[in-house]
Amino acid sequence: MKKFFIIFLSFFSITLSAQRQVISLGGQWNFQLDKDSIGWQSFMKGLPAPRQVNVPHTWNVKDGTEDYWGIAWYERNVSIPAEWKGQQIRLQFEAVYRDAIVYVNGKEAGRNIGSGYTSFSFDITKLLKYGSDNRITVSVSNKPSEYAFPFLTHFDWPNDGGIIRPVSLVITGKPSIRYAHVKTSDINFDNGTAKATLYMKTWEPDVEKAQFTLTFSECKSKKVILSKQLELSAENGVFTTPIDFQDIKPWHFDTPNLYTLQVDIAVKGKVTDTYNTRFGFRKVELKGHQLFLNDEPVRLPGIEYMPGSYPAYGMAEPQEIMSQAVDLMKGLNCVITRFHWQQDSRILDMMDEKGILVQEEIPWWQAPGNLTPEQEELAKKQIDAMIERDYNRPCIFSWGISNEMYYNTDRDIYHRLIADAKSWNSNCFVTVVSNDIFNRLKNDESLLADIPTWNEYIGTWHGKSSEELPGLLKLVNDSALQGRPLLITENGLCEPYFTGGDTRRISEMTYHYDQWAKNDFIMGCIYFCLNDYRSKNGQTGVGRYKHWDCGLTDMWFGKKTSYDVYRGLASPVYFEYVQQSAKGTEADVSIVVKNDLPSYILRNYKLVYETNSGTMEELSLPVLKPGDKFKATIHNINSNRKQKIRVIRSTGETAAEY
C-alpha cells in the first residue's frame, strides 16, 4: 500500500443523522437443486419446486444431496422501506461456495466466481423497488473448476456448496466507508505509547475530500482513549492520517486486549456513514532464528482446526460450534494455528478475543503446479480480499500464499504474489507452506517468504522411519535455514491410511515434539489436527460422515486420550513436586516454567486449589520467565480427598494440573 498525503483543517461541527444499518438476511430461504441445468430463464420466474432451508446452509450434509456437485438456487423476498430511498444499499455475503451469481428482481447484481471462502458485496441501490417486496435470487455451483481455488478436485476437505456464511443488507448514506486499516508501529511496551497510520477508503472512488471523526475505545470497558476530528484529502482513493496513542494495553495470547475504532464520515457537516472495526496493539518480528512477540522471544505450540467437520452443519457451521472448537484449542494450551482457507469472520473474532495467533491462507493446495495469468489474477484477488477484510485483526500473524506446492511453479509467480501481500503494509508476515524443505533445502519455495515452513511427516508420508528426523532437522538447519527460524506447520497421524490408532498417535506425537523442542531454531509447531475432519478424500464413513481420523477429538469434539497428552506437551509449566504435610492440611508445591517448546514469559497466572471448607483458594503467581521455578506452601487444603491443584492461565484456561 502506498503512503498518502493528508490535509489538516480546523475542527468543524458535524450533524449526526441515521448512519449505517446492518440487516441480517439469515434464516429461511427457498432452495432448489438444478440437476438438469435448467438455469436462468426458468428460475428467474421463481423457483418452480422449492423447499425451505435456513441460511447459512449447505446441501452436502443433507440426505440425498450429500454427493451432489452442481448448480442450486436460493431465493427470498425482502421488504425495502420507502424511507431507504436515497440511501446506498449493499448486499453483503460472507461467503458462498463457490461460484455465485446474484440477481435482484430478475436483474443481475454481480457475480463472484472461483472464490468460495471470501466475502463480497454488490451495490443494489438501483435495482430495488422501494416501499415494496424485492426478490433476491442466488445461483450457486460447486462443480470442479480450473478457474478456482481450490483448483478442480485438489483439496482435502468437503466440497460443501451453498450460501455457507451469513448474508446481510448494509444501508448507508454516501459516501460510505469500505475499510479503515490501523497500521500500528513504534509500540513502546515499557511506557505504553504507540504510533499508527490510519488508511481509509470509501466505496465511492470519486470522493476526494471528506470530514472524519475518529473515536478509539477500549473494547471491554468502552473507555474512550482518543478522539479527533479531521478533514482529509484522498490520494489514489485512500485517506490517511497519523495517530499517536498513550497508555495502550498490548494484545498478547495471554492478554488479548482489543480496541474499537469508530469512523464517522461526513460531507458538509452531515454524517453519511458510521463504520466500526476492532484492532489491537501487538508486534511480531524475526531476529535471527527466533520469533519475537511484543519484543519478547517466544516458542509457541499450536493446533490446526478443520472447520466444516461437524456432520450436522458442514461448512455452514453455526457460531456455537466455532466456539466449542476455539475453547478446545485454547484448552490444549495452544496459542498458534493455521487455516487452509479463508475463515468465517466470527471464528476469527474468537481468536482475537481468546488469544490465538493465526496464519490465514488462500486454498492453493498442491495444484495447479503453475498458474495461468487468469489463475494468478484470481490468487491475487483472493489474497487482496483476505487481507482487506482481516487487516486489523491482531490474531493474524501471517498471510499464506500456498500450501505444499511441488517443483514446477514459476518462482516469479511467488515473488509477485508475495509482493502483492506485502504491498498492503500490514503488521503480518507472508508465508509459503512447504512439505519438502528436507529435500529441496536452499531451493525450497518457503524460503522466498518471511518464515521457512515444514509440513513435517517423517515416518508417515515421508521417509521410512521417524528416527530419520534428528538428522533431517540438522540438515535443514545447516543447509537451508542458515540462521533463519523454522515453523512446523503440520504433523500428525492420518488414519486409516496409517494404522496404529491413538496409541501410535501419542507415540509419534511425543517423539516428534521432543525433537522439535530440542532444536531452538524451531519457533513453533502446529499439530494436525484438533478434530477428525470431513473430506471428500476421507477413507472412513460415507456421505456427510466421510472423513479422516486425524484428530485429537472425533468429529463431534469427543476427546481422545491424545488430547490430554498434547495438552501436557503444550503446557508452559509443569509440577516439579507436591508434598503434603503429615497432617495433610498443608503442601509444599514447586512448579517449573518450561524453557524449550513452549517458551514464553508468564504473567497473571494463578495457582488454584480447594480448601478444607470446600471453597477455591487462589494464589497469584509472580511474573515467571522461561526456566524459572516457583515454590510455595499452600494451607488449609482439603485432606479428606485427593487434592487437585491447578495452574490457571491469565485467560482462564487450565495450563497444568496435579
# chains A, B, ... in the order shown; residues from 1 in each chain; ligands from 1
>>> closest_atom_pairs(of="stretch 124-207 of chain A", to="stretch 350-363 of chain A", cutoff="12 Å", atoms="only C-alpha atoms", output="Markdown table")
| residue | atom | partner | partner_atom | distance |
| --- | --- | --- | --- | --- |
| A:Ala148 | CA | A:Pro363 | CA | 9.2 |
| A:Phe149 | CA | A:Pro363 | CA | 5.5 |
| A:Pro150 | CA | A:Pro363 | CA | 5.2 |
| A:Phe151 | CA | A:Pro363 | CA | 8.3 |
| A:Leu152 | CA | A:Pro363 | CA | 11.6 |
| A:Thr153 | CA | A:Pro363 | CA | 11.7 |
| A:His154 | CA | A:Pro363 | CA | 9.6 |
| A:Phe155 | CA | A:Pro363 | CA | 8.0 |
| A:Asp156 | CA | A:Pro363 | CA | 10.3 |
| A:Trp157 | CA | A:Pro363 | CA | 10.6 |
>>> select_by_dssp(residues="stretch 361-564 of chain A", states="helix (DSSP H, G or I)", output="ChimeraX atom specification")
/A:373-390,411-423,437-443,445-448,466-481,501-518,543-545,561-564
>>> atom_distance(atom1="atom CA of A:Asp520", atom2="atom CA of A:Phe189")
25.2 Å
>>> residues_around(residues="stretch 553-567 of chain A", least_positions_apart="6", cutoff="7 Å", atoms="only C-alpha atoms", output="ChimeraX atom specification")
/A:309-310,332-333,502,506,530-533
>>> residues_around(residues="stretch 91-102 of chain A", least_positions_apart="6", cutoff="6 Å", atoms="only C-alpha atoms", output="ChimeraX atom specification")
/A:108-122,137-142,161-169
>>> write_last_selection(atoms="C-alpha atoms", output="PDB file, in the first residue's frame")
ATOM      1  CA  GLU A 108     -28.012  -9.484 -12.301  1.00  0.00           C
ATOM      2  CA  ALA A 109     -26.397  -7.607  -9.416  1.00  0.00           C
ATOM      3  CA  GLY A 110     -22.992  -9.258  -9.767  1.00  0.00           C
ATOM      4  CA  ARG A 111     -21.055 -12.494  -9.597  1.00  0.00           C
ATOM      5  CA  ASN A 112     -18.269 -13.966  -7.513  1.00  0.00           C
ATOM      6  CA  ILE A 113     -16.526 -16.781  -9.362  1.00  0.00           C
ATOM      7  CA  GLY A 114     -13.749 -19.105  -8.203  1.00  0.00           C
ATOM      8  CA  SER A 115     -13.574 -17.923  -4.587  1.00  0.00           C
ATOM      9  CA  GLY A 116     -15.796 -19.802  -2.165  1.00  0.00           C
ATOM     10  CA  TYR A 117     -14.378 -18.564   1.141  1.00  0.00           C
ATOM     11  CA  THR A 118     -14.012 -14.804   0.650  1.00  0.00           C
ATOM     12  CA  SER A 119     -16.585 -12.145   1.443  1.00  0.00           C
ATOM     13  CA  PHE A 120     -18.068  -9.969  -1.303  1.00  0.00           C
ATOM     14  CA  SER A 121     -20.827  -7.415  -1.763  1.00  0.00           C
ATOM     15  CA  PHE A 122     -22.754  -5.637  -4.501  1.00  0.00           C
ATOM     16  CA  THR A 137     -32.068 -14.919  -6.191  1.00  0.00           C
ATOM     17  CA  VAL A 138     -28.677 -16.594  -5.982  1.00  0.00           C
ATOM     18  CA  SER A 139     -27.307 -19.244  -8.329  1.00  0.00           C
ATOM     19  CA  VAL A 140     -24.591 -21.360  -6.668  1.00  0.00           C
ATOM     20  CA  SER A 141     -22.346 -24.000  -8.204  1.00  0.00           C
ATOM     21  CA  ASN A 142     -19.815 -26.284  -6.528  1.00  0.00           C
ATOM     22  CA  GLY A 161     -21.869 -26.000  -1.761  1.00  0.00           C
ATOM     23  CA  GLY A 162     -24.246 -23.261  -0.706  1.00  0.00           C
ATOM     24  CA  ILE A 163     -24.620 -19.906   0.988  1.00  0.00           C
ATOM     25  CA  ILE A 164     -22.355 -21.150   3.765  1.00  0.00           C
ATOM     26  CA  ARG A 165     -21.920 -17.950   5.802  1.00  0.00           C
ATOM     27  CA  PRO A 166     -24.122 -15.013   6.859  1.00  0.00           C
ATOM     28  CA  VAL A 167     -25.839 -12.635   4.419  1.00  0.00           C
ATOM     29  CA  SER A 168     -26.887  -9.081   5.190  1.00  0.00           C
ATOM     30  CA  LEU A 169     -28.023  -5.759   3.811  1.00  0.00           C
TER      31      LEU A 169
END
>>> residues_around(residues="stretch 65-69 of chain A", least_positions_apart="2", cutoff="8 Å", atoms="only C-alpha atoms", output="PyMOL selection string")
chain A and resi 59-63+71+141-144+159+161+543-544
>>> write_last_selection(atoms="C-alpha atoms", output="short mmCIF file (atom, residue, chain, number, x, y, z; two decimals), in the first residue's frame")
data_model
loop_
_atom_site.label_atom_id
_atom_site.label_comp_id
_atom_site.auth_asym_id
_atom_site.auth_seq_id
_atom_site.Cartn_x
_atom_site.Cartn_y
_atom_site.Cartn_z
CA TRP A 59 -26.83 -29.10 0.69
CA ASN A 60 -23.90 -31.52 1.09
CA VAL A 61 -24.88 -32.54 4.63
CA LYS A 62 -28.49 -33.30 3.73
CA ASP A 63 -29.90 -36.76 2.98
CA ILE A 71 -25.92 -25.92 -9.51
CA SER A 141 -22.35 -24.00 -8.20
CA ASN A 142 -19.81 -26.28 -6.53
CA LYS A 143 -18.76 -28.00 -9.76
CA PRO A 144 -15.00 -28.56 -10.07
CA ASN A 159 -16.90 -29.67 -1.27
CA GLY A 161 -21.87 -26.00 -1.76
CA GLY A 543 -21.81 -39.30 2.75
CA ARG A 544 -21.65 -36.45 5.24
#
>>> residues_around(residues="A:Ala587", least_positions_apart="5", cutoff="6 Å", atoms="only C-alpha atoms", output="list of chain:residue names")
A:Gln579, A:Gln580, A:Ser581, A:Thr633, A:Ile634
>>> write_last_selection(atoms="C-alpha atoms", output="CSV table (one decimal), in the first residue's frame")
chain,number,residue,atom,x,y,z
A,579,GLN,CA,4.5,-32.7,49.1
A,580,GLN,CA,1.7,-32.8,51.7
A,581,SER,CA,2.5,-32.4,55.4
A,633,THR,CA,3.3,-23.7,50.8
A,634,ILE,CA,-0.4,-23.9,50.4
